[in-house]
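Trainee: If you scroll down you'll find the structure; I have some questions about it.
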Amino acid sequence: MHTDDMTSGAKQAGATGHADTGRTKVGRPAQQALQQEFLDLLMPVYPRALAYSQTITGSLMDGEDLVSDTVLSAYSRFDSLRSRDRFNEWFFAILLNRFRNLRNRDKLRPFKLVAELGRSFNIFEATARVSGDPAELGYQLTLVKELLSRLKPRERDVILLLGPAGFTPAEVSRIQGVSERAVIQLAYRARRRLKKMLPEGALPFLSVPADEVSGHD
Amino acid sequence: MTEFNTNPANQAEKLISDVFGALEHEADPTIARLRFENKLALRPKPRRRMNTTIKVLAFLTGLLLLASWAGSRNFSPWDDGQLITFRAPVDFVPSEYPHWMAIFANHSAELSDVGGHSLVVDYSQGRDGRYYFQLGIIGINYTEASSWVRKMLNDVPELNDESFTVTQPLLPYRVSVNEMIAFNLFGDTYSEEQKVMQAWRAAGEQPRVIFLVAKTKDYQGKVSELIY
């Protein structure tokens, strides 16, 4: 399958919003088989997709809503996916588009900062007021959302997809519809910005093992 | 340039990675699967969507087929629509249009006797510089139109001995509704486009009522000059 085939279907799905609800008479067994195939492909990537959604939305509930919305949208377009091998990329492309659309329409629950952030390192102090426990996941999620919101959308997507989501540069390039070289450039740019935002030692509960820290910055 | 070390390179990345990992760990695919099975069971089977290129090609092909079919198609004229054309007097000028409207209006009662219900009065200038009247009539056939116009030409001295043609136009009006106002011979004056349409509709139900339809630009503001 050509890259465009995958991404165009995904973009279309994202752009048109909710899945088609038109009534189509089909055989029940055929529909069940299709659903099973879809879910079989979806489940291995589901934890990653949910974590991704919750990370970029900064909310557990919004993340679940986003994934559910994406699942329904993807299922309605499942026939447009010609190569099942690229289900993960295809699904994430739809997820990213859905997030963009939701964000554009302000459908996500509004998030209000407890304090205006003057300088980047004030993020820690500002978000600390959300929760008293800096080790709590909710608190950290808020902080992550703040960090990611200060990146450009593509930089944010690339750093998440390449890093914790575990996609390769080639896969990310297909999801984003850009070249691998552009993906790497975006990742380095995002990395530089993130480093400036959160200086070393700002979060004492986090320690980056020396062997994990790459030589790139 | 395509190599990228995906390990966290700073505290921010480490935080993002840790949070992502924790969230991923908390996700339960088993429960999610059950939930989605229920949700998807209520959804119709995904429809196979047509490729955009195929859609465009299908549209163009349809357009070509339609054009080839429509190009050779003859539309039948209106059975009850007649367009009568004859020369206006040599000294006719557009400013005399209301006067001629009145003359045609005076003869329109005979049209209603044979089922006519709309008379559109128009004129145009030919290549020779002479003006031509074009009367669009709805509700009568060729014979009735022919005998009516012949009688009228005999009765109006300025038009004596003029020849005329009667055709059945595809559209009986040379002027659009925008350019017209309707004048109800029974006394009401209509000066709005909507009222023209209303008048025509009403005429369809009461064919013995004649509506005289005139060109707005020549007629509007000169109604008082009408002489019956």
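Convention: chains lettered A, B, ... in structure tokens order; per-chain residue numbering from 1; ligands numbered from 1 as shown.
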Sorted by chain and rising residue number, list the residues of chain B at most 12 Å from chain A (counting only C-alpha atoms), each with its closest atom pair and distance in Å to one decimal, as CSV.

Mentor:
residue,atom,partner,partner_atom,distance
B:Met1,CA,A:Arg181,CA,6.3
B:Thr2,CA,A:Arg181,CA,5.9
B:Glu3,CA,A:Ile184,CA,7.6
B:Phe4,CA,A:Ile184,CA,6.7
B:Asn5,CA,A:Ser214,CA,6.3
B:Thr6,CA,A:Gly163,CA,5.0
B:Asn7,CA,A:Glu212,CA,5.5
B:Pro8,CA,A:Val213,CA,5.7
B:Ala9,CA,A:Val213,CA,4.4
B:Asn10,CA,A:Lys195,CA,5.9
B:Gln11,CA,A:Glu200,CA,6.2
B:Ala12,CA,A:Leu198,CA,5.7
B:Glu13,CA,A:Leu194,CA,7.1
B:Lys14,CA,A:Val208,CA,6.5
B:Leu15,CA,A:Leu206,CA,7.0
B:Ile16,CA,A:Val144,CA,5.8
B:Ser17,CA,A:Pro164,CA,5.4
B:Asp18,CA,A:Pro164,CA,8.4
B:Val19,CA,A:Leu141,CA,6.4
B:Phe20,CA,A:Ala51,CA,5.5
B:Gly21,CA,A:Pro164,CA,7.1
B:Ala22,CA,A:Leu137,CA,7.9
B:Leu23,CA,A:Ala51,CA,5.0
B:Glu24,CA,A:Pro47,CA,4.8
B:His25,CA,A:Pro47,CA,7.2
B:Glu26,CA,A:Pro47,CA,7.9
B:Ala27,CA,A:Pro47,CA,5.1
B:Asp28,CA,A:Pro47,CA,7.1
B:Pro29,CA,A:Met43,CA,5.9
B:Thr30,CA,A:Met43,CA,8.1
B:Ile31,CA,A:Met43,CA,10.3
B:Ala32,CA,A:Met43,CA,8.1
B:Arg33,CA,A:Leu39,CA,6.9
B:Leu34,CA,A:Leu39,CA,9.7
B:Arg35,CA,A:Ser68,CA,9.6
B:Phe36,CA,A:Leu39,CA,7.9
B:Glu37,CA,A:Gln35,CA,7.5
B:Asn38,CA,A:Gln35,CA,10.3
B:Lys39,CA,A:Leu72,CA,8.2
B:Leu40,CA,A:Gln35,CA,7.0
B:Ala41,CA,A:Gln32,CA,7.7
B:Leu42,CA,A:Thr21,CA,9.7
B:Arg43,CA,A:Thr21,CA,7.0
B:Pro44,CA,A:Thr24,CA,5.9
B:Lys45,CA,A:Gln31,CA,5.8
B:Pro46,CA,A:Ser76,CA,4.4
B:Arg47,CA,A:Asp79,CA,7.0
B:Arg48,CA,A:Asp79,CA,5.6
B:Arg49,CA,A:Ser80,CA,6.9
B:Met50,CA,A:Ser80,CA,9.0
B:Asn51,CA,A:Ser80,CA,9.0
B:Thr52,CA,A:Ser8,CA,10.2

Trainee: What does the distance between CA of Val67 in chain A and CA of Asn88 in chain A come to in Å, to one decimal place?

Mentor: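 Separation between CA of Val67 in chain A and CA of Asn88 in chain A: 13.2 Å.
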
Trainee: As a ChimeraX atom specification, please: every residue in range 15-124 of chain B that DSSP puts in strand (DSSP E).

Mentor: /B:81-87,118-124

Trainee: Using only N, CA and C atoms, please write the residues we just selected to a file, as an mmCIF file, in the first residue's frame.

Mentor:
data_model
loop_
_atom_site.group_PDB
_atom_site.id
_atom_site.type_symbol
_atom_site.label_atom_id
_atom_site.label_comp_id
_atom_site.auth_asym_id
_atom_site.auth_seq_id
_atom_site.Cartn_x
_atom_site.Cartn_y
_atom_site.Cartn_z
ATOM 1 N N GLY B 81 -48.707 27.854 -25.358
ATOM 2 C CA GLY B 81 -47.923 29.086 -25.351
ATOM 3 C C GLY B 81 -47.650 29.537 -26.775
ATOM 4 N N GLN B 82 -48.007 30.758 -27.109
ATOM 5 C CA GLN B 82 -47.812 31.269 -28.469
ATOM 6 C C GLN B 82 -47.015 32.563 -28.408
ATOM 7 N N LEU B 83 -46.125 32.704 -29.373
ATOM 8 C CA LEU B 83 -45.369 33.948 -29.471
ATOM 9 C C LEU B 83 -45.709 34.584 -30.813
ATOM 10 N N ILE B 84 -46.346 35.729 -30.752
ATOM 11 C CA ILE B 84 -46.778 36.412 -31.976
ATOM 12 C C ILE B 84 -45.841 37.580 -32.234
ATOM 13 N N THR B 85 -45.285 37.647 -33.441
ATOM 14 C CA THR B 85 -44.353 38.722 -33.778
ATOM 15 C C THR B 85 -44.868 39.495 -35.001
ATOM 16 N N PHE B 86 -44.883 40.794 -34.877
ATOM 17 C CA PHE B 86 -45.243 41.622 -36.036
ATOM 18 C C PHE B 86 -44.549 42.976 -35.900
ATOM 19 N N ARG B 87 -44.467 43.684 -37.006
ATOM 20 C CA ARG B 87 -43.726 44.945 -37.004
ATOM 21 C C ARG B 87 -44.520 46.050 -36.321
ATOM 22 N N SER B 118 -52.731 34.925 -19.924
ATOM 23 C CA SER B 118 -51.579 35.808 -19.725
ATOM 24 C C SER B 118 -51.155 36.380 -21.060
ATOM 25 N N LEU B 119 -50.901 37.651 -21.061
ATOM 26 C CA LEU B 119 -50.420 38.313 -22.279
ATOM 27 C C LEU B 119 -49.168 39.115 -21.916
ATOM 28 N N VAL B 120 -48.069 38.717 -22.509
ATOM 29 C CA VAL B 120 -46.814 39.405 -22.246
ATOM 30 C C VAL B 120 -46.515 40.297 -23.436
ATOM 31 N N VAL B 121 -46.341 41.568 -23.174
ATOM 32 C CA VAL B 121 -46.104 42.507 -24.262
ATOM 33 C C VAL B 121 -44.641 42.932 -24.231
ATOM 34 N N ASP B 122 -43.970 42.659 -25.322
ATOM 35 C CA ASP B 122 -42.546 42.983 -25.405
ATOM 36 C C ASP B 122 -42.276 43.563 -26.784
ATOM 37 N N TYR B 123 -41.169 44.224 -26.898
ATOM 38 C CA TYR B 123 -40.767 44.699 -28.232
ATOM 39 C C TYR B 123 -39.249 44.586 -28.342
ATOM 40 N N SER B 124 -38.797 44.519 -29.566
ATOM 41 C CA SER B 124 -37.351 44.484 -29.787
ATOM 42 C C SER B 124 -37.050 45.163 -31.114
#

Trainee: Pull the helix (DSSP H, G or I) assignments for range 2-138 of chain B out of DSSP run on the backbone, and list those residues as an MDAnalysis selection string.

Mentor: chainID B and resid 11:26 29:41 52:71 94:107 109:113

Trainee: Could you save the residues just selected, with C-alpha atoms, as a tab-separated table (two decimals), in the first residue's frame?

Mentor:
chain	number	residue	atom	x	y	z
B	11	GLN	CA	14.23	15.78	32.53
B	12	ALA	CA	11.23	16.93	30.57
B	13	GLU	CA	11.45	13.98	28.21
B	14	LYS	CA	12.00	11.67	31.12
B	15	LEU	CA	8.88	13.01	32.79
B	16	ILE	CA	6.86	12.63	29.61
B	17	SER	CA	8.13	9.14	29.10
B	18	ASP	CA	7.39	8.12	32.69
B	19	VAL	CA	3.90	9.53	32.63
B	20	PHE	CA	3.23	7.92	29.26
B	21	GLY	CA	4.50	4.59	30.56
B	22	ALA	CA	2.36	4.80	33.67
B	23	LEU	CA	-0.74	5.59	31.67
B	24	GLU	CA	0.00	2.82	29.21
B	25	HIS	CA	0.45	0.41	32.11
B	26	GLU	CA	-2.90	1.35	33.58
B	29	PRO	CA	-7.22	-3.92	26.87
B	30	THR	CA	-9.54	-6.68	28.06
B	31	ILE	CA	-12.10	-4.32	29.49
B	32	ALA	CA	-11.61	-1.96	26.59
B	33	ARG	CA	-12.29	-4.76	24.14
B	34	LEU	CA	-15.56	-5.65	25.81
B	35	ARG	CA	-16.60	-2.02	25.80
B	36	PHE	CA	-15.74	-1.56	22.14
B	37	GLU	CA	-17.42	-4.83	21.17
B	38	ASN	CA	-20.64	-3.47	22.61
B	39	LYS	CA	-20.17	-0.12	20.95
B	40	LEU	CA	-19.27	-1.49	17.55
B	41	ALA	CA	-22.11	-4.01	17.62
B	52	THR	CA	-11.75	10.44	-4.92
B	53	THR	CA	-10.21	9.92	-8.36
B	54	ILE	CA	-12.88	7.39	-9.24
B	55	LYS	CA	-15.53	9.78	-7.97
B	56	VAL	CA	-14.24	12.56	-10.23
B	57	LEU	CA	-14.00	10.23	-13.22
B	58	ALA	CA	-17.51	8.91	-12.62
B	59	PHE	CA	-18.84	12.46	-12.38
B	60	LEU	CA	-17.13	13.50	-15.63
B	61	THR	CA	-18.34	10.39	-17.42
B	62	GLY	CA	-21.87	11.05	-16.21
B	63	LEU	CA	-21.61	14.62	-17.38
B	64	LEU	CA	-20.44	13.53	-20.84
B	65	LEU	CA	-23.21	10.98	-21.15
B	66	LEU	CA	-25.77	13.53	-20.08
B	67	ALA	CA	-24.42	16.08	-22.54
B	68	SER	CA	-24.48	13.62	-25.43
B	69	TRP	CA	-28.03	12.59	-24.59
B	70	ALA	CA	-29.33	16.07	-23.99
B	71	GLY	CA	-27.64	17.50	-27.07
B	94	PRO	CA	-40.02	52.97	-26.80
B	95	SER	CA	-41.61	55.89	-24.99
B	96	GLU	CA	-44.88	54.94	-26.66
B	97	TYR	CA	-44.79	51.54	-25.07
B	98	PRO	CA	-47.50	52.28	-22.45
B	99	HIS	CA	-49.83	53.47	-25.20
B	100	TRP	CA	-49.38	50.20	-27.04
B	101	MET	CA	-49.81	48.27	-23.86
B	102	ALA	CA	-53.18	49.91	-23.51
B	103	ILE	CA	-54.13	49.02	-27.08
B	104	PHE	CA	-53.25	45.36	-26.54
B	105	ALA	CA	-55.00	45.42	-23.19
B	106	ASN	CA	-58.16	46.66	-24.85
B	107	HIS	CA	-58.12	43.60	-27.09
B	109	ALA	CA	-60.70	40.52	-23.25
B	110	GLU	CA	-61.26	38.47	-26.41
B	111	LEU	CA	-58.34	36.28	-25.42
B	112	SER	CA	-59.91	35.36	-22.14
B	113	ASP	CA	-63.03	34.27	-24.00

Trainee: Please determine, counting only C-alpha atoms, which residue among A:Arg156, A:Arg150, A:Leu102, A:Phe92 has the shortest atom-to-atom distance to Glu171 in chain A.

Mentor: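 Distance minimum relative to Glu171 in chain A lands on A:Phe92.
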